[in-house]
$ cat structure-v4.cif   # mmCIF, C-alpha atoms and all ligand atoms
data_upload
#
loop_
_atom_site.label_atom_id
_atom_site.label_comp_id
_atom_site.auth_asym_id
_atom_site.auth_seq_id
_atom_site.Cartn_x
_atom_site.Cartn_y
_atom_site.Cartn_z
CA MET A 1 106.68 112.41 131.09
CA GLU A 2 106.30 108.82 132.19
CA ILE A 3 105.92 106.91 128.96
CA GLU A 4 105.28 103.51 130.55
CA LYS A 5 102.52 104.91 132.74
CA ILE A 6 100.84 106.75 129.87
CA MET A 7 101.02 103.62 127.71
CA GLN A 8 99.57 101.43 130.48
CA ASP A 9 96.64 103.82 130.91
CA LEU A 10 96.04 103.89 127.16
CA GLU A 11 96.23 100.09 126.90
CA LYS A 12 93.61 99.84 129.64
CA LYS A 13 91.31 102.32 127.92
CA HIS A 14 91.83 100.95 124.43
CA PRO A 15 92.68 97.26 124.77
CA GLY A 16 93.87 95.43 121.69
CA GLU A 17 94.31 98.55 119.55
CA SER A 18 97.85 97.50 118.69
CA GLU A 19 98.53 99.74 115.67
CA TYR A 20 97.23 102.82 117.48
CA LEU A 21 99.28 102.05 120.60
CA GLN A 22 102.38 101.43 118.45
CA ALA A 23 102.03 104.79 116.69
CA VAL A 24 101.50 106.66 119.97
CA LYS A 25 104.46 105.03 121.68
CA GLU A 26 106.83 105.95 118.85
CA VAL A 27 105.85 109.62 119.11
CA LEU A 28 106.07 109.69 122.91
CA ILE A 29 109.59 108.27 122.87
CA SER A 30 110.66 110.88 120.30
CA VAL A 31 109.15 113.91 122.03
CA LYS A 32 109.93 113.01 125.65
CA ASP A 33 112.96 115.31 125.96
CA VAL A 34 111.41 118.43 124.42
CA TYR A 35 108.20 117.81 126.33
CA ASN A 36 110.09 117.79 129.61
CA GLU A 37 111.63 121.13 128.71
CA HIS A 38 108.12 122.64 128.57
CA PRO A 39 106.40 122.36 131.95
CA GLU A 40 103.50 124.38 130.54
CA PHE A 41 102.70 121.44 128.21
CA GLU A 42 102.48 119.11 131.20
CA LYS A 43 100.24 121.55 133.07
CA ALA A 44 97.87 121.81 130.10
CA LYS A 45 97.86 117.99 129.72
CA ILE A 46 98.93 118.27 126.09
CA ILE A 47 99.99 114.61 125.85
CA GLU A 48 96.79 113.26 127.40
CA ARG A 49 94.77 115.38 124.97
CA ILE A 50 96.86 114.85 121.82
CA VAL A 51 96.71 111.03 121.99
CA GLU A 52 92.89 110.93 122.03
CA PRO A 53 90.89 111.69 118.88
CA GLU A 54 88.58 114.68 119.15
CA ARG A 55 85.75 112.63 117.67
CA ILE A 56 85.08 109.15 116.28
CA ILE A 57 82.18 108.63 113.90
CA MET A 58 81.14 105.02 113.19
CA PHE A 59 78.24 104.01 111.04
CA ARG A 60 76.78 101.10 109.12
CA VAL A 61 77.02 101.02 105.35
CA PRO A 62 74.33 98.82 103.80
CA TRP A 63 74.44 98.15 100.06
CA VAL A 64 73.08 95.68 97.50
CA ASP A 65 75.35 93.63 95.20
CA ASP A 66 74.70 92.82 91.55
CA GLN A 67 72.90 89.60 92.52
CA GLY A 68 70.50 91.47 94.80
CA GLU A 69 72.14 90.32 98.03
CA VAL A 70 72.34 92.83 100.88
CA HIS A 71 75.72 93.53 102.53
CA VAL A 72 76.59 95.54 105.61
CA ASN A 73 80.01 97.12 106.15
CA ILE A 74 81.27 99.43 108.87
CA GLY A 75 82.15 103.03 108.04
CA TYR A 76 84.54 105.21 110.08
CA ARG A 77 85.75 108.78 110.29
CA VAL A 78 88.21 109.57 113.05
CA GLN A 79 88.59 113.36 113.41
CA PHE A 80 91.80 113.27 115.36
CA ASN A 81 93.04 116.80 115.82
CA GLY A 82 91.76 120.09 114.40
CA ALA A 83 94.16 122.48 116.13
CA ILE A 84 95.96 123.70 113.02
CA GLY A 85 93.25 123.51 110.35
CA PRO A 86 90.20 121.61 109.07
CA TYR A 87 90.47 117.85 109.55
CA LYS A 88 92.25 116.31 106.58
CA GLY A 89 93.18 112.75 105.67
CA GLY A 90 92.27 109.87 103.42
CA LEU A 91 89.66 107.14 103.32
CA ARG A 92 90.82 103.52 103.23
CA PHE A 93 88.61 100.76 101.84
CA HIS A 94 90.20 97.44 102.81
CA PRO A 95 89.00 94.32 104.67
CA SER A 96 91.67 94.86 107.35
CA VAL A 97 90.20 98.24 108.38
CA ASN A 98 89.24 98.47 112.07
CA LEU A 99 89.17 101.16 114.72
CA SER A 100 92.81 100.65 115.73
CA ILE A 101 94.01 101.15 112.16
CA MET A 102 91.80 104.22 111.67
CA LYS A 103 93.10 105.74 114.91
CA PHE A 104 96.77 105.08 114.16
CA LEU A 105 96.36 106.62 110.72
CA GLY A 106 94.51 109.66 112.10
CA PHE A 107 97.18 110.14 114.77
CA GLU A 108 100.03 109.93 112.24
CA GLN A 109 98.15 112.22 109.87
CA THR A 110 97.99 114.95 112.52
CA PHE A 111 101.78 115.25 112.70
CA LYS A 112 102.33 114.63 109.00
CA ASN A 113 99.94 117.42 108.10
CA ALA A 114 101.67 119.72 110.57
CA LEU A 115 104.97 119.07 108.75
CA THR A 116 103.56 120.11 105.35
CA THR A 117 103.60 123.82 106.33
CA LEU A 118 99.89 124.00 105.38
CA PRO A 119 96.99 124.57 107.81
CA MET A 120 95.45 121.08 107.97
CA GLY A 121 94.29 119.08 110.99
CA GLY A 122 94.49 115.28 111.07
CA ALA A 123 91.78 112.70 110.32
CA LYS A 124 91.30 109.32 108.70
CA GLY A 125 88.34 107.24 107.67
CA GLY A 126 87.26 104.30 105.62
CA SER A 127 85.54 100.97 105.70
CA ASP A 128 86.19 97.23 105.86
CA PHE A 129 84.80 97.04 102.31
CA SER A 130 86.97 95.42 99.62
CA ILE A 131 86.89 96.75 96.06
CA ARG A 132 88.60 93.54 94.85
CA GLY A 133 86.32 91.53 92.59
CA ARG A 134 83.50 94.12 92.82
CA SER A 135 81.86 95.51 89.69
CA ASP A 136 81.87 99.21 88.93
CA ALA A 137 78.17 99.43 89.79
CA GLU A 138 78.75 97.74 93.15
CA VAL A 139 81.57 100.13 94.00
CA MET A 140 79.34 103.05 93.05
CA ARG A 141 76.46 101.85 95.23
CA PHE A 142 78.81 101.28 98.14
CA CYS A 143 80.34 104.78 97.80
CA GLN A 144 76.88 106.34 97.62
CA SER A 145 75.71 104.54 100.75
CA PHE A 146 78.95 105.46 102.58
CA MET A 147 78.48 109.14 101.68
CA CYS A 148 74.82 109.11 102.77
CA GLU A 149 76.15 109.11 106.33
CA LEU A 150 79.56 110.76 105.97
CA TYR A 151 78.22 113.96 104.35
CA LYS A 152 76.77 115.07 107.70
CA HIS A 153 80.21 115.30 109.22
CA ILE A 154 82.41 116.82 106.47
CA GLY A 155 82.71 120.12 104.59
CA PRO A 156 85.40 122.27 102.94
CA SER A 157 86.13 124.12 106.21
CA THR A 158 85.41 121.26 108.63
CA ASP A 159 86.80 117.99 107.25
CA VAL A 160 88.14 117.17 103.77
CA PRO A 161 88.66 113.45 103.06
CA ALA A 162 90.71 112.01 100.17
CA GLY A 163 91.93 108.62 98.98
CA ASP A 164 94.11 105.97 100.59
CA ILE A 165 94.38 102.21 99.99
CA GLY A 166 91.37 101.07 97.91
CA VAL A 167 90.17 104.63 97.27
CA GLY A 168 91.41 106.18 94.03
CA GLY A 169 90.02 108.53 91.42
CA ARG A 170 87.01 106.33 90.63
CA GLU A 171 85.85 106.09 94.25
CA ILE A 172 86.46 109.80 94.91
CA GLY A 173 84.30 110.57 91.85
CA TYR A 174 81.36 108.51 93.15
CA LEU A 175 81.73 109.91 96.67
CA PHE A 176 81.88 113.47 95.36
CA GLY A 177 78.84 113.01 93.10
CA GLN A 178 76.76 111.75 96.01
CA TYR A 179 77.92 114.54 98.36
CA LYS A 180 77.00 117.18 95.77
CA LYS A 181 73.59 115.63 95.28
CA LEU A 182 72.91 115.49 99.03
CA VAL A 183 73.98 119.03 99.93
CA GLY A 184 73.07 120.70 96.63
CA ARG A 185 76.38 122.56 96.39
CA TRP A 186 79.63 122.16 94.46
CA GLU A 187 82.41 122.63 96.99
CA GLY A 188 85.94 121.32 97.50
CA VAL A 189 84.95 118.74 100.10
CA LEU A 190 87.15 115.93 98.79
CA THR A 191 90.62 115.95 97.25
CA GLY A 192 92.01 113.61 94.63
CA LYS A 193 89.19 114.65 92.30
CA GLY A 194 89.42 114.30 88.51
CA LEU A 195 91.05 117.20 86.65
CA GLU A 196 87.74 118.00 84.94
CA TYR A 197 85.97 118.75 88.21
CA GLY A 198 88.35 120.57 90.47
CA GLY A 199 91.23 118.11 90.94
CA SER A 200 94.82 119.24 91.13
CA ARG A 201 97.53 118.46 88.64
CA ILE A 202 100.11 115.98 90.01
CA ARG A 203 97.78 114.80 92.86
CA PRO A 204 97.74 111.16 91.63
CA GLU A 205 101.53 111.07 91.46
CA ALA A 206 102.19 113.35 94.43
CA THR A 207 102.85 110.80 97.20
CA GLY A 208 105.41 108.90 95.12
CA PHE A 209 106.96 112.03 93.59
CA GLY A 210 107.25 113.76 96.96
CA ALA A 211 108.80 110.63 98.46
CA LEU A 212 111.52 110.57 95.80
CA TYR A 213 112.22 114.30 96.26
CA PHE A 214 112.66 113.57 99.95
CA VAL A 215 114.84 110.48 99.38
CA ASN A 216 117.01 112.53 97.03
CA GLN A 217 117.61 115.05 99.79
CA MET A 218 118.42 112.30 102.26
CA LEU A 219 120.99 110.93 99.80
CA GLN A 220 122.45 114.40 99.29
CA THR A 221 123.28 114.62 103.01
CA ARG A 222 125.76 111.82 102.26
CA ASN A 223 126.77 113.15 98.84
CA ILE A 224 125.14 110.27 97.00
CA ASP A 225 123.46 110.56 93.59
CA ILE A 226 120.43 108.36 92.90
CA LYS A 227 121.53 107.83 89.27
CA GLY A 228 122.26 104.19 88.52
CA LYS A 229 121.13 103.00 91.97
CA THR A 230 118.81 100.00 92.34
CA VAL A 231 115.50 100.59 94.10
CA ALA A 232 113.37 97.87 95.73
CA ILE A 233 109.74 98.93 96.04
CA SER A 234 106.80 97.08 97.60
CA GLY A 235 103.18 97.54 96.56
CA PHE A 236 101.57 98.08 93.17
CA GLY A 237 99.05 100.87 93.89
CA ASN A 238 99.05 104.58 93.36
CA VAL A 239 101.93 105.26 95.70
CA ALA A 240 104.22 102.53 94.30
CA TRP A 241 103.36 103.70 90.78
CA GLY A 242 104.29 107.36 91.47
CA ALA A 243 107.47 106.30 93.26
CA ALA A 244 108.51 104.01 90.38
CA LEU A 245 107.87 106.76 87.83
CA LYS A 246 109.95 109.38 89.65
CA ALA A 247 112.73 106.98 90.70
CA THR A 248 113.13 106.01 87.03
CA GLU A 249 112.98 109.63 85.85
CA LEU A 250 115.76 110.54 88.30
CA GLY A 251 117.96 107.76 86.87
CA GLY A 252 117.32 105.01 89.43
CA LYS A 253 116.52 101.42 88.47
CA VAL A 254 113.38 99.95 90.08
CA ILE A 255 113.85 96.19 90.44
CA THR A 256 110.82 95.04 92.48
CA ILE A 257 107.10 95.61 93.02
CA SER A 258 104.78 93.46 95.12
CA GLY A 259 101.16 92.49 95.62
CA PRO A 260 99.06 90.20 97.79
CA ASP A 261 100.34 87.17 95.84
CA GLY A 262 104.09 87.83 96.20
CA TYR A 263 106.63 90.04 94.46
CA ILE A 264 108.26 90.60 91.10
CA TYR A 265 112.01 90.83 90.66
CA ASP A 266 112.89 92.40 87.34
CA PRO A 267 116.65 92.88 86.91
CA ASN A 268 116.04 94.74 83.64
CA GLY A 269 114.31 97.53 85.54
CA ILE A 270 110.62 98.36 85.88
CA SER A 271 110.25 101.37 83.62
CA GLY A 272 108.21 102.71 80.68
CA GLU A 273 105.36 100.41 79.63
CA LYS A 274 105.99 98.22 82.66
CA ILE A 275 105.08 101.09 84.99
CA ALA A 276 101.98 101.79 82.91
CA TYR A 277 101.10 98.10 83.24
CA MET A 278 101.01 98.53 87.04
CA LEU A 279 97.91 100.69 86.59
CA GLU A 280 96.25 97.95 84.54
CA LEU A 281 97.07 95.38 87.22
CA ARG A 282 95.58 97.62 89.87
CA ALA A 283 92.39 98.15 87.90
CA SER A 284 92.01 94.43 87.13
CA GLY A 285 91.39 93.53 90.77
CA ASN A 286 93.05 90.13 90.18
CA ASP A 287 96.35 88.68 91.31
CA VAL A 288 98.93 91.30 90.74
CA CYS A 289 102.39 89.92 90.22
CA LYS A 290 101.93 86.67 88.38
CA PRO A 291 100.50 88.32 85.23
CA TYR A 292 103.48 90.71 85.18
CA ALA A 293 105.95 87.82 85.16
CA ASP A 294 103.98 86.11 82.38
CA LYS A 295 104.04 89.28 80.28
CA PHE A 296 107.62 90.56 80.70
CA ALA A 297 110.44 88.12 79.91
CA GLY A 298 113.40 88.10 82.28
CA SER A 299 111.32 88.95 85.36
CA GLU A 300 110.80 86.51 88.22
CA PHE A 301 107.68 85.93 90.30
CA HIS A 302 108.38 85.03 93.94
CA GLU A 303 105.13 83.68 95.31
CA GLY A 304 104.20 84.59 98.90
CA LYS A 305 107.51 86.41 99.50
CA LYS A 306 108.47 90.00 100.27
CA PRO A 307 110.81 92.08 98.08
CA TRP A 308 113.08 92.85 101.06
CA GLU A 309 115.03 89.63 100.38
CA GLN A 310 116.51 91.16 97.22
CA LYS A 311 119.73 93.15 97.32
CA ALA A 312 119.21 96.82 96.47
CA ASP A 313 120.73 100.25 97.13
CA ILE A 314 117.45 101.86 98.18
CA TYR A 315 114.43 100.22 99.85
CA LEU A 316 111.01 101.89 99.82
CA THR A 317 107.95 100.48 101.60
CA CYS A 318 104.98 101.50 99.44
CA ALA A 319 102.27 99.00 100.46
CA THR A 320 100.88 99.11 104.01
CA GLN A 321 101.64 99.32 107.75
CA ASN A 322 104.14 96.95 109.40
CA GLU A 323 105.12 95.38 106.08
CA LEU A 324 108.82 95.38 107.03
CA ASN A 325 109.69 93.66 110.33
CA GLY A 326 112.80 93.12 112.43
CA GLU A 327 113.94 90.08 110.45
CA ASP A 328 113.54 91.98 107.18
CA ALA A 329 115.55 94.84 108.70
CA ASP A 330 118.40 92.45 109.58
CA ARG A 331 118.45 91.11 106.04
CA ILE A 332 118.38 94.62 104.55
CA LEU A 333 121.12 95.90 106.87
CA ALA A 334 123.34 92.98 105.87
CA ASN A 335 123.21 94.36 102.33
CA LYS A 336 124.53 97.74 103.53
CA PRO A 337 121.97 99.80 101.61
CA LEU A 338 122.36 103.53 100.99
CA CYS A 339 118.86 104.44 102.13
CA VAL A 340 115.64 102.96 103.54
CA ALA A 341 112.44 105.01 103.59
CA GLU A 342 108.84 104.36 104.58
CA VAL A 343 106.48 105.57 101.89
CA SER A 344 103.55 103.62 103.32
CA ASN A 345 102.20 104.86 106.67
CA MET A 346 104.16 103.14 109.51
CA GLY A 347 105.59 100.71 106.95
CA CYS A 348 108.12 99.33 109.47
CA THR A 349 107.49 97.64 112.80
CA ALA A 350 108.90 99.37 115.90
CA GLU A 351 111.60 96.69 116.04
CA ALA A 352 112.68 97.37 112.45
CA VAL A 353 112.81 101.14 113.04
CA ASP A 354 114.95 100.66 116.15
CA LYS A 355 117.37 98.43 114.23
CA PHE A 356 117.77 100.94 111.40
CA VAL A 357 118.36 103.86 113.77
CA ALA A 358 120.74 101.89 116.00
CA ALA A 359 122.78 100.92 112.92
CA GLY A 360 123.08 104.57 111.82
CA GLN A 361 121.21 103.64 108.66
CA LEU A 362 119.96 106.54 106.51
CA PHE A 363 116.27 105.98 107.29
CA ALA A 364 113.15 108.14 107.35
CA PRO A 365 109.55 107.58 108.52
CA GLY A 366 106.35 107.74 106.51
CA LYS A 367 105.00 110.87 108.08
CA ALA A 368 107.87 112.83 106.55
CA VAL A 369 108.52 110.83 103.38
CA ASN A 370 104.92 110.43 102.16
CA ALA A 371 103.61 113.86 103.15
CA GLY A 372 103.71 115.04 99.53
CA GLY A 373 100.35 113.34 98.91
CA VAL A 374 98.38 115.18 101.53
CA ALA A 375 100.39 118.36 100.84
CA THR A 376 99.20 118.31 97.24
CA SER A 377 95.69 117.68 98.58
CA GLY A 378 96.17 120.90 100.54
CA LEU A 379 97.15 122.63 97.30
CA GLU A 380 93.97 121.22 95.72
CA MET A 381 91.93 122.76 98.58
CA THR A 382 93.60 126.12 97.93
CA GLN A 383 92.90 125.96 94.19
CA ASN A 384 89.25 125.09 94.89
CA ALA A 385 88.94 127.95 97.37
CA ILE A 386 90.33 130.55 94.97
CA ARG A 387 88.58 128.87 91.99
CA LEU A 388 91.74 128.49 89.95
CA SER A 389 93.69 125.58 88.48
CA TRP A 390 97.45 125.82 88.69
CA SER A 391 99.73 124.44 85.99
CA GLU A 392 101.76 121.28 86.48
CA ALA A 393 104.90 123.36 86.89
CA GLU A 394 103.31 125.51 89.60
CA VAL A 395 102.12 122.52 91.63
CA ASP A 396 105.42 120.69 91.21
CA GLU A 397 107.38 123.72 92.36
CA LYS A 398 105.25 123.99 95.50
CA LEU A 399 105.60 120.26 96.15
CA HIS A 400 109.39 120.60 95.87
CA TYR A 401 109.35 123.49 98.31
CA ILE A 402 107.21 121.57 100.82
CA MET A 403 109.33 118.40 100.70
CA HIS A 404 112.45 120.53 101.09
CA SER A 405 110.94 122.25 104.11
CA ILE A 406 109.97 118.91 105.71
CA HIS A 407 113.52 117.69 105.23
CA GLU A 408 114.87 120.85 106.86
CA GLN A 409 112.57 120.39 109.85
CA CYS A 410 113.81 116.80 110.26
CA VAL A 411 117.43 117.95 110.12
CA LYS A 412 116.75 120.76 112.61
CA TYR A 413 115.06 118.58 115.22
CA GLY A 414 116.70 115.23 114.46
CA THR A 415 120.46 115.86 114.12
CA GLN A 416 122.34 114.10 116.92
CA PRO A 417 125.61 115.28 118.47
CA ASP A 418 127.46 112.63 116.41
CA GLY A 419 126.01 114.11 113.19
CA TYR A 420 123.55 111.27 112.49
CA ILE A 421 120.17 112.61 111.37
CA ASN A 422 117.47 110.76 113.29
CA TYR A 423 114.59 111.46 110.90
CA VAL A 424 112.12 109.60 113.13
CA LYS A 425 112.81 111.90 116.04
CA GLY A 426 113.09 114.98 113.81
CA ALA A 427 109.71 114.43 112.13
CA ASN A 428 107.93 113.57 115.37
CA VAL A 429 109.34 116.52 117.31
CA ALA A 430 108.75 119.06 114.52
CA GLY A 431 105.16 117.91 113.95
CA PHE A 432 104.42 117.64 117.66
CA MET A 433 105.75 121.11 118.53
CA LYS A 434 103.57 122.79 115.93
CA VAL A 435 100.39 121.02 117.07
CA ALA A 436 101.24 121.48 120.78
CA HIS A 437 101.83 125.22 120.38
CA ALA A 438 98.53 125.60 118.47
CA MET A 439 96.71 123.70 121.23
CA MET A 440 98.31 125.83 123.92
CA ALA A 441 97.26 129.02 122.14
CA GLN A 442 93.64 127.85 121.90
CA GLY A 443 93.13 126.93 125.57
CA VAL A 444 91.59 123.77 126.99
CA VAL A 445 89.09 122.81 124.28
N1 LIG B 501 95.94 108.98 102.45
C1 LIG B 501 97.00 109.88 102.17
C2 LIG B 501 97.92 109.96 103.38
O1 LIG B 501 98.12 108.98 104.04
C3 LIG B 501 96.53 111.21 101.62
C4 LIG B 501 95.56 111.95 102.47
C5 LIG B 501 94.99 113.20 101.80
O2 LIG B 501 95.36 113.52 100.69
O3 LIG B 501 94.17 113.85 102.46
O4 LIG B 501 98.51 110.97 103.68
#

$ encode --input "structure-v4.cif" --output "structure tokens" --more "lines below"
Ligand code: GLU
Amino acid sequence: MEIEKIMQDLEKKHPGESEYLQAVKEVLISVKDVYNEHPEFEKAKIIERIVEPERIIMFRVPWVDDQGEVHVNIGYRVQFNGAIGPYKGGLRFHPSVNLSIMKFLGFEQTFKNALTTLPMGGAKGGSDFSIRGRSDAEVMRFCQSFMCELYKHIGPSTDVPAGDIGVGGREIGYLFGQYKKLVGRWEGVLTGKGLEYGGSRIRPEATGFGALYFVNQMLQTRNIDIKGKTVAISGFGNVAWGAALKATELGGKVITISGPDGYIYDPNGISGEKIAYMLELRASGNDVCKPYADKFAGSEFHEGKKPWEQKADIYLTCATQNELNGEDADRILANKPLCVAEVSNMGCTAEAVDKFVAAGQLFAPGKAVNAGGVATSGLEMTQNAIRLSWSEAEVDEKLHYIMHSIHEQCVKYGTQPDGYINYVKGANVAGFMKVAHAMMAQGVV
């Protein structure tokens, strides 16, 4: 495999799609050796096929605000790879959304979903719409307009969207209501639904909970207990919230969260009512961190800064892609942390990842660490299909099993001769091999 040549061709075909090209390059570097051991992959052009989405759907989303003004946003669904199951992946509503971001997320999702042990293909979708500052009625009208087009392309056995940044329980509810009205059927076409209408227990917490189960296993490979360790988290959304809850429950001390306005450093620990307050901040749609500092004495608001400048034992990216760069990595490494993990998708730049791996840092990528979210979505699909609701204990047990299995796959494919576990390589190779074998079995389609 000639990585430079493949990348040059892709750059020519898809100029300027920097996030997508970054995600592809990382996987190619990881899988190069195993790929070269399988000449049948080369013959079947597995790489050339796997890097291109099967289908991209783009549409306009017109809607009317509370003042009667008309707005037009762009809607996307990138159905990346359906070799191992129905397309599956979240919807992101954020002004930064563009085709490159949708494609990188769909690409990552393909391998992440393969790691979960469940039969789910990879997809991603969303819109450049911002829920910030929008009324409930505006969000509802937007979701309804978005679904008026999307419903033609999804279904419980074809493509099952869920939430991501900007899409939580409220948005899933409006999207689901409109889908049901349009097709005239109740079916498990979205995950992350409310518990009253087919949602799964633990789904809201699953990404954060799964991430902490995974981090715990990483720490165990070095005989470290999370109890009493300080944890720096970025973000304030669903993922950061779930991670803060579980980190605290396991005995860790969460000392930071962050938002668009900066970050909070709270040496007393972000636990109990402070974690509950994160949900209020999220719902308020206003500045996130400043009100926290005003409310809880002893905490500090660092305007316009990132939490990576604080000293901690464990660092978890829980906000968005490329939120931790090479400079941040240098600063973090100087603190000799016990563990760094991406909980956001591609939370670290390529430069930061290379620095962590070169330093032998205990480090793992988002597609392994955050797979508990989509895995629990898969469990929601199963419950909908068999028309049952599992108890919290049942879902949690399955989530534990899945995160354990992902960790095992990383160890199997990522352990180097010197004993260092390269989780980036392990996750990429394990996910890639499963999808590649499924594609081989199904012929050139
Ligand atoms: N958006 C989440 C992710 O990045 C969840 C997707 C899902 O549940 O389908 O994996």

$ atom_distance --input "structure-v4.cif" --atom1 "CA of Ile314 in chain A" --atom2 "CA of Ser377 in chain A"
26.9 Å

$ residues_near_point --input "structure-v4.cif" --point "(107.7, 113.4, 96.0)" --cutoff "6 Å" --atoms "all atoms listed in the file" --output "number ranges by chain"
A: 206-213, 372

$ residues_around --input "structure-v4.cif" --residues "Gly126 in chain A" --least-positions-apart "2" --cutoff "9 Å" --atoms "all atoms listed in the file" --output "list in words"
Ile74, Gly75, Tyr76, Arg77, Gly90, Leu91, Arg92, Phe93, His94, Val97, Asn98, Met102, Lys124, Asp128, Phe129, Phe146, Asp164 and Val167 of chain A

$ residues_near_ligand --input "structure-v4.cif" --ligand "ligand LIG 501 (chain B)" --cutoff "6 Å" --atoms "only C-alpha atoms and all ligand atoms" --output "list in words"
Lys88, Gly89, Gly90, Pro161, Ala162, Gly163, Asp164, Ala371, Gly373, Val374 and Ser377 of chain A

$ write_last_selection --input "structure-v4.cif" --atoms "C-alpha atoms" --output "compact mmCIF listing (two decimals), in the coordinates of the input"
# COMPACT_ATOMS: atom_id res chain seq x y z
CA LYS A 88 92.25 116.31 106.58
CA GLY A 89 93.18 112.75 105.67
CA GLY A 90 92.27 109.87 103.42
CA PRO A 161 88.66 113.45 103.06
CA ALA A 162 90.71 112.01 100.17
CA GLY A 163 91.93 108.62 98.98
CA ASP A 164 94.11 105.97 100.59
CA ALA A 371 103.61 113.86 103.15
CA GLY A 373 100.35 113.34 98.91
CA VAL A 374 98.38 115.18 101.53
CA SER A 377 95.69 117.68 98.58

$ atom_distance --input "structure-v4.cif" --atom1 "CA of Val139 in chain A" --atom2 "CA of Arg282 in chain A"
14.8 Å

$ atom_distance --input "structure-v4.cif" --atom1 "CA of Cys143 in chain A" --atom2 "CA of Leu182 in chain A"
13.1 Å

$ residues_near_point --input "structure-v4.cif" --point "(102.1, 120.4, 93.7)" --cutoff "12 Å" --atoms "only C-alpha atoms" --output "JSON, numbers by chain"
{"A": [116, 199, 200, 201, 202, 203, 204, 205, 206, 207, 209, 210, 371, 372, 373, 374, 375, 376, 377, 378, 379, 380, 381, 382, 383, 389, 390, 391, 392, 393, 394, 395, 396, 397, 398, 399, 400, 401, 402, 403]}

$ axis_aligned_box --input "structure-v4.cif" --around "range 188-199 of chain A" --padding-each-side "5 Å" --output "JSON"
{"center_x": 88.5, "center_y": 117.5, "center_z": 92.5, "size_x": 17.1, "size_y": 17.7, "size_z": 25.2}

$ closest_residue --input "structure-v4.cif" --among "A:Tyr179, A:Tyr413, A:Phe104, A:Tyr263" --to "Lys306 in chain A" --atoms "all atoms listed in the file"
A:Tyr263

$ residues_around --input "structure-v4.cif" --residues "Ser258 in chain A" --least-positions-apart "2" --cutoff "7 Å" --atoms "only C-alpha atoms" --output "PyMOL selection string"
chain A and resi 234-236+256+262-264+289+307

$ residues_around --input "structure-v4.cif" --residues "Met433 in chain A" --least-positions-apart "4" --cutoff "10 Å" --atoms "all atoms listed in the file" --output "list in words"
Val31, Val34, Tyr35, Phe111, Ala114, Asn428, Val429, His437, Ala438 and Met439 of chain A

$ closest_residue --input "structure-v4.cif" --among "A:Ile224, A:Ile257, A:Lys434, A:Ser405" --to "Leu362 in chain A" --atoms "all atoms listed in the file"
A:Ile224

$ closest_residue --input "structure-v4.cif" --among "A:Leu28, A:Ser344, A:Ile406, A:Leu281" --to "Gln217 in chain A" --atoms "only C-alpha atoms"
A:Ile406

$ closest_residue --input "structure-v4.cif" --among "A:Gln144, A:Gln361, A:Gln442, A:Asn73" --to "Tyr423 in chain A" --atoms "only C-alpha atoms"
A:Gln361

$ closest_residue --input "structure-v4.cif" --among "A:Pro156, A:Gly269, A:Gly169, A:Gly252" --to "Arg185 in chain A" --atoms "all atoms listed in the file"
A:Pro156

$ closest_residue --input "structure-v4.cif" --among "A:Lys311, A:Lys336, A:Lys367, A:His71" --to "Gly106 in chain A" --atoms "only C-alpha atoms"
A:Lys367
